[in-house]
Amino acid sequence: MDSLLIIGIGLLGVGVLLIVLEAFVPSGGILGLAALGSAIAGIVFLFKYDTLWGAIGLLGTVILGPMAFLWAVELLPNTPLGRLMLGPTNEEIAQQLAESSKSRLAGRDELLGATGVALTDMRPCGIVEINGTRHDAIAVGGIIDHNEPVRVTQVDGLNIEVRKDEQGQG
């Protein structure tokens, strides 16, 4: 009769293992159904051994089954497979955006004093080309016509202010 107890507990263990595996392996619910079948079979074996053991197995399955699945789902984003399936977390995305913004803004400080050419009429906003790169800019001190040389007078975050380059070098 001890074999019924061992088989019942073993089938419940297999059921818990399958329900945890369901969170990690995309099976379309097949592993979940196998876990349910294994748990039911394990409970039946435990009831055949003893009613008390069957009740304990049933109660344990009802409580531990969902807990094991929720634990696995909570653990999933921290695993390599989970990161592959779910992609980066919101914190990682925010950190990447902050780093790219810092590098972009750091590169803009180097524009101060640089010369270029107006690609559009600037009345007062327009597009300029400086060091081979296009930038949105604001003309200060008057209207700047298309193809006129410009010089960067101020860089404040994403705002670039330009004036006509009186020396005429673009």
# chains A, B, ... in the order shown; residues from 1 in each chain; ligands from 1
>>> select_by_dssp(residues="chain A", states="strand (DSSP E or B)", output="ChimeraX atom specification")
/A:115-118,122,125-130,133-139,144,149-156,159-164
>>> select_by_dssp(residues="chain A", states="alpha helix (DSSP H)", output="PDB file with C-alpha atoms, in the first residue's frame")
ATOM      1  CA  ASP A   2       2.955   2.339   0.446  1.00  0.00           C
ATOM      2  CA  SER A   3       3.406   2.373  -3.339  1.00  0.00           C
ATOM      3  CA  LEU A   4       0.054   4.245  -3.693  1.00  0.00           C
ATOM      4  CA  LEU A   5       1.360   6.951  -1.362  1.00  0.00           C
ATOM      5  CA  ILE A   6       4.679   7.262  -3.212  1.00  0.00           C
ATOM      6  CA  ILE A   7       2.977   7.343  -6.628  1.00  0.00           C
ATOM      7  CA  GLY A   8       0.437   9.934  -5.416  1.00  0.00           C
ATOM      8  CA  ILE A   9       3.085  12.266  -3.967  1.00  0.00           C
ATOM      9  CA  GLY A  10       5.262  11.765  -7.056  1.00  0.00           C
ATOM     10  CA  LEU A  11       2.388  12.676  -9.389  1.00  0.00           C
ATOM     11  CA  LEU A  12       1.665  15.809  -7.345  1.00  0.00           C
ATOM     12  CA  GLY A  13       5.342  16.759  -7.584  1.00  0.00           C
ATOM     13  CA  VAL A  14       5.284  16.219 -11.337  1.00  0.00           C
ATOM     14  CA  GLY A  15       2.155  18.399 -11.512  1.00  0.00           C
ATOM     15  CA  VAL A  16       3.861  21.249  -9.648  1.00  0.00           C
ATOM     16  CA  LEU A  17       6.948  20.895 -11.851  1.00  0.00           C
ATOM     17  CA  LEU A  18       4.818  21.025 -15.005  1.00  0.00           C
ATOM     18  CA  ILE A  19       2.886  24.089 -13.834  1.00  0.00           C
ATOM     19  CA  VAL A  20       6.190  25.920 -13.171  1.00  0.00           C
ATOM     20  CA  LEU A  21       7.496  24.781 -16.554  1.00  0.00           C
ATOM     21  CA  GLU A  22       4.304  26.147 -18.172  1.00  0.00           C
ATOM     22  CA  ALA A  23       5.416  29.668 -17.239  1.00  0.00           C
ATOM     23  CA  PHE A  24       8.770  29.246 -19.011  1.00  0.00           C
ATOM     24  CA  ILE A  30      -0.545  21.757 -22.987  1.00  0.00           C
ATOM     25  CA  LEU A  31       1.848  21.649 -20.039  1.00  0.00           C
ATOM     26  CA  GLY A  32      -0.856  23.194 -17.837  1.00  0.00           C
ATOM     27  CA  LEU A  33      -3.308  20.488 -18.839  1.00  0.00           C
ATOM     28  CA  ALA A  34      -0.660  17.825 -18.218  1.00  0.00           C
ATOM     29  CA  ALA A  35      -0.029  19.376 -14.777  1.00  0.00           C
ATOM     30  CA  LEU A  36      -3.748  19.290 -14.026  1.00  0.00           C
ATOM     31  CA  GLY A  37      -3.998  15.658 -15.129  1.00  0.00           C
ATOM     32  CA  SER A  38      -0.975  14.678 -13.072  1.00  0.00           C
ATOM     33  CA  ALA A  39      -2.349  16.470  -9.986  1.00  0.00           C
ATOM     34  CA  ILE A  40      -5.754  14.809 -10.347  1.00  0.00           C
ATOM     35  CA  ALA A  41      -4.157  11.383 -10.759  1.00  0.00           C
ATOM     36  CA  GLY A  42      -1.927  12.045  -7.731  1.00  0.00           C
ATOM     37  CA  ILE A  43      -4.947  13.062  -5.608  1.00  0.00           C
ATOM     38  CA  VAL A  44      -6.819   9.913  -6.701  1.00  0.00           C
ATOM     39  CA  PHE A  45      -3.862   7.743  -5.679  1.00  0.00           C
ATOM     40  CA  LEU A  46      -3.646   9.524  -2.325  1.00  0.00           C
ATOM     41  CA  PHE A  47      -7.386   9.030  -1.694  1.00  0.00           C
ATOM     42  CA  LYS A  48      -6.974   5.322  -2.531  1.00  0.00           C
ATOM     43  CA  TYR A  49      -4.213   5.125   0.063  1.00  0.00           C
ATOM     44  CA  THR A  51      -8.763   9.721   2.959  1.00  0.00           C
ATOM     45  CA  LEU A  52      -6.638  12.006   5.127  1.00  0.00           C
ATOM     46  CA  TRP A  53      -3.742  11.838   2.671  1.00  0.00           C
ATOM     47  CA  GLY A  54      -6.168  12.514  -0.191  1.00  0.00           C
ATOM     48  CA  ALA A  55      -7.562  15.591   1.580  1.00  0.00           C
ATOM     49  CA  ILE A  56      -4.048  16.851   2.317  1.00  0.00           C
ATOM     50  CA  GLY A  57      -3.055  16.297  -1.324  1.00  0.00           C
ATOM     51  CA  LEU A  58      -6.175  18.086  -2.582  1.00  0.00           C
ATOM     52  CA  LEU A  59      -5.670  21.033  -0.250  1.00  0.00           C
ATOM     53  CA  GLY A  60      -1.971  21.230  -1.073  1.00  0.00           C
ATOM     54  CA  THR A  61      -2.668  21.175  -4.809  1.00  0.00           C
ATOM     55  CA  VAL A  62      -5.315  23.884  -4.576  1.00  0.00           C
ATOM     56  CA  ILE A  63      -2.943  26.133  -2.614  1.00  0.00           C
ATOM     57  CA  LEU A  64       0.516  25.234  -3.958  1.00  0.00           C
ATOM     58  CA  GLY A  65      -0.421  24.912  -7.648  1.00  0.00           C
ATOM     59  CA  PRO A  66      -1.393  28.562  -8.202  1.00  0.00           C
ATOM     60  CA  MET A  67       1.373  29.744  -5.863  1.00  0.00           C
ATOM     61  CA  ALA A  68       3.986  27.818  -7.850  1.00  0.00           C
ATOM     62  CA  PHE A  69       2.676  29.213 -11.134  1.00  0.00           C
ATOM     63  CA  LEU A  70       2.625  32.816  -9.856  1.00  0.00           C
ATOM     64  CA  TRP A  71       6.128  32.411  -8.455  1.00  0.00           C
ATOM     65  CA  ALA A  72       7.343  31.154 -11.840  1.00  0.00           C
ATOM     66  CA  VAL A  73       5.644  34.036 -13.678  1.00  0.00           C
ATOM     67  CA  GLU A  74       7.233  36.519 -11.256  1.00  0.00           C
ATOM     68  CA  LEU A  75      10.626  34.908 -11.762  1.00  0.00           C
ATOM     69  CA  PRO A  80      17.588  34.911 -19.871  1.00  0.00           C
ATOM     70  CA  LEU A  81      14.656  33.157 -21.574  1.00  0.00           C
ATOM     71  CA  GLY A  82      12.215  35.632 -20.032  1.00  0.00           C
ATOM     72  CA  ARG A  83      14.254  38.628 -21.185  1.00  0.00           C
ATOM     73  CA  LEU A  84      14.359  37.123 -24.656  1.00  0.00           C
ATOM     74  CA  MET A  85      10.587  36.614 -24.699  1.00  0.00           C
ATOM     75  CA  LEU A  86       9.527  39.835 -22.971  1.00  0.00           C
ATOM     76  CA  ASN A  90      10.692  49.712 -18.476  1.00  0.00           C
ATOM     77  CA  GLU A  91      13.624  50.648 -16.259  1.00  0.00           C
ATOM     78  CA  GLU A  92      16.124  49.411 -18.845  1.00  0.00           C
ATOM     79  CA  ILE A  93      14.341  51.328 -21.619  1.00  0.00           C
ATOM     80  CA  ALA A  94      14.309  54.520 -19.522  1.00  0.00           C
ATOM     81  CA  GLN A  95      18.009  54.117 -18.752  1.00  0.00           C
ATOM     82  CA  GLN A  96      18.862  53.636 -22.445  1.00  0.00           C
ATOM     83  CA  LEU A  97      16.850  56.749 -23.392  1.00  0.00           C
ATOM     84  CA  ALA A  98      18.543  58.820 -20.681  1.00  0.00           C
ATOM     85  CA  GLU A  99      21.999  57.707 -21.825  1.00  0.00           C
ATOM     86  CA  SER A 100      21.287  58.443 -25.498  1.00  0.00           C
ATOM     87  CA  SER A 101      19.835  61.844 -24.578  1.00  0.00           C
ATOM     88  CA  LYS A 102      22.944  62.690 -22.523  1.00  0.00           C
ATOM     89  CA  SER A 103      25.259  61.735 -25.388  1.00  0.00           C
ATOM     90  CA  ARG A 104      23.167  63.739 -27.873  1.00  0.00           C
ATOM     91  CA  LEU A 105      23.163  66.806 -25.636  1.00  0.00           C
ATOM     92  CA  ALA A 106      26.879  66.454 -24.927  1.00  0.00           C
ATOM     93  CA  GLY A 107      27.576  66.488 -28.671  1.00  0.00           C
ATOM     94  CA  ARG A 108      25.531  69.669 -29.083  1.00  0.00           C
ATOM     95  CA  ASP A 109      27.765  71.661 -26.725  1.00  0.00           C
TER      96      ASP A 109
END
>>> atom_distance(atom1="CA of Ala114 (chain A)", atom2="CA of Arg163 (chain A)")
11.0 Å
>>> closest_atom_pairs(of="region 28-135 of chain A", to="region 139-157 of chain A", cutoff="8 Å", atoms="only C-alpha atoms", output="JSON lines")
{"residue": "A:Leu105", "atom": "CA", "partner": "A:Gly157", "partner_atom": "CA", "distance": 6.1}
{"residue": "A:Arg108", "atom": "CA", "partner": "A:Val155", "partner_atom": "CA", "distance": 6.9}
{"residue": "A:Asp109", "atom": "CA", "partner": "A:Val155", "partner_atom": "CA", "distance": 6.2}
{"residue": "A:Leu111", "atom": "CA", "partner": "A:Val152", "partner_atom": "CA", "distance": 6.6}
{"residue": "A:Leu112", "atom": "CA", "partner": "A:Val152", "partner_atom": "CA", "distance": 5.3}
{"residue": "A:Gly113", "atom": "CA", "partner": "A:Val152", "partner_atom": "CA", "distance": 5.0}
{"residue": "A:Ala114", "atom": "CA", "partner": "A:Val152", "partner_atom": "CA", "distance": 5.6}
{"residue": "A:Thr115", "atom": "CA", "partner": "A:Arg151", "partner_atom": "CA", "distance": 4.3}
{"residue": "A:Gly116", "atom": "CA", "partner": "A:Val150", "partner_atom": "CA", "distance": 5.2}
{"residue": "A:Val117", "atom": "CA", "partner": "A:Pro149", "partner_atom": "CA", "distance": 4.4}
{"residue": "A:Ala118", "atom": "CA", "partner": "A:Asn147", "partner_atom": "CA", "distance": 5.0}
{"residue": "A:Leu119", "atom": "CA", "partner": "A:His146", "partner_atom": "CA", "distance": 5.5}
{"residue": "A:Thr120", "atom": "CA", "partner": "A:His146", "partner_atom": "CA", "distance": 4.7}
{"residue": "A:Asp121", "atom": "CA", "partner": "A:Asp145", "partner_atom": "CA", "distance": 4.5}
{"residue": "A:Met122", "atom": "CA", "partner": "A:Ile144", "partner_atom": "CA", "distance": 5.0}
{"residue": "A:Arg123", "atom": "CA", "partner": "A:Ile143", "partner_atom": "CA", "distance": 5.2}
{"residue": "A:Pro124", "atom": "CA", "partner": "A:Ala139", "partner_atom": "CA", "distance": 4.8}
{"residue": "A:Cys125", "atom": "CA", "partner": "A:Ala139", "partner_atom": "CA", "distance": 6.1}
{"residue": "A:Gly126", "atom": "CA", "partner": "A:Ala139", "partner_atom": "CA", "distance": 7.7}
{"residue": "A:Val128", "atom": "CA", "partner": "A:Val150", "partner_atom": "CA", "distance": 8.0}
>>> atom_distance(atom1="CA of Glu161 (chain A)", atom2="CA of Asp136 (chain A)")
9.2 Å
>>> atom_distance(atom1="CA of Arg134 (chain A)", atom2="CA of Glu110 (chain A)")
14.5 Å
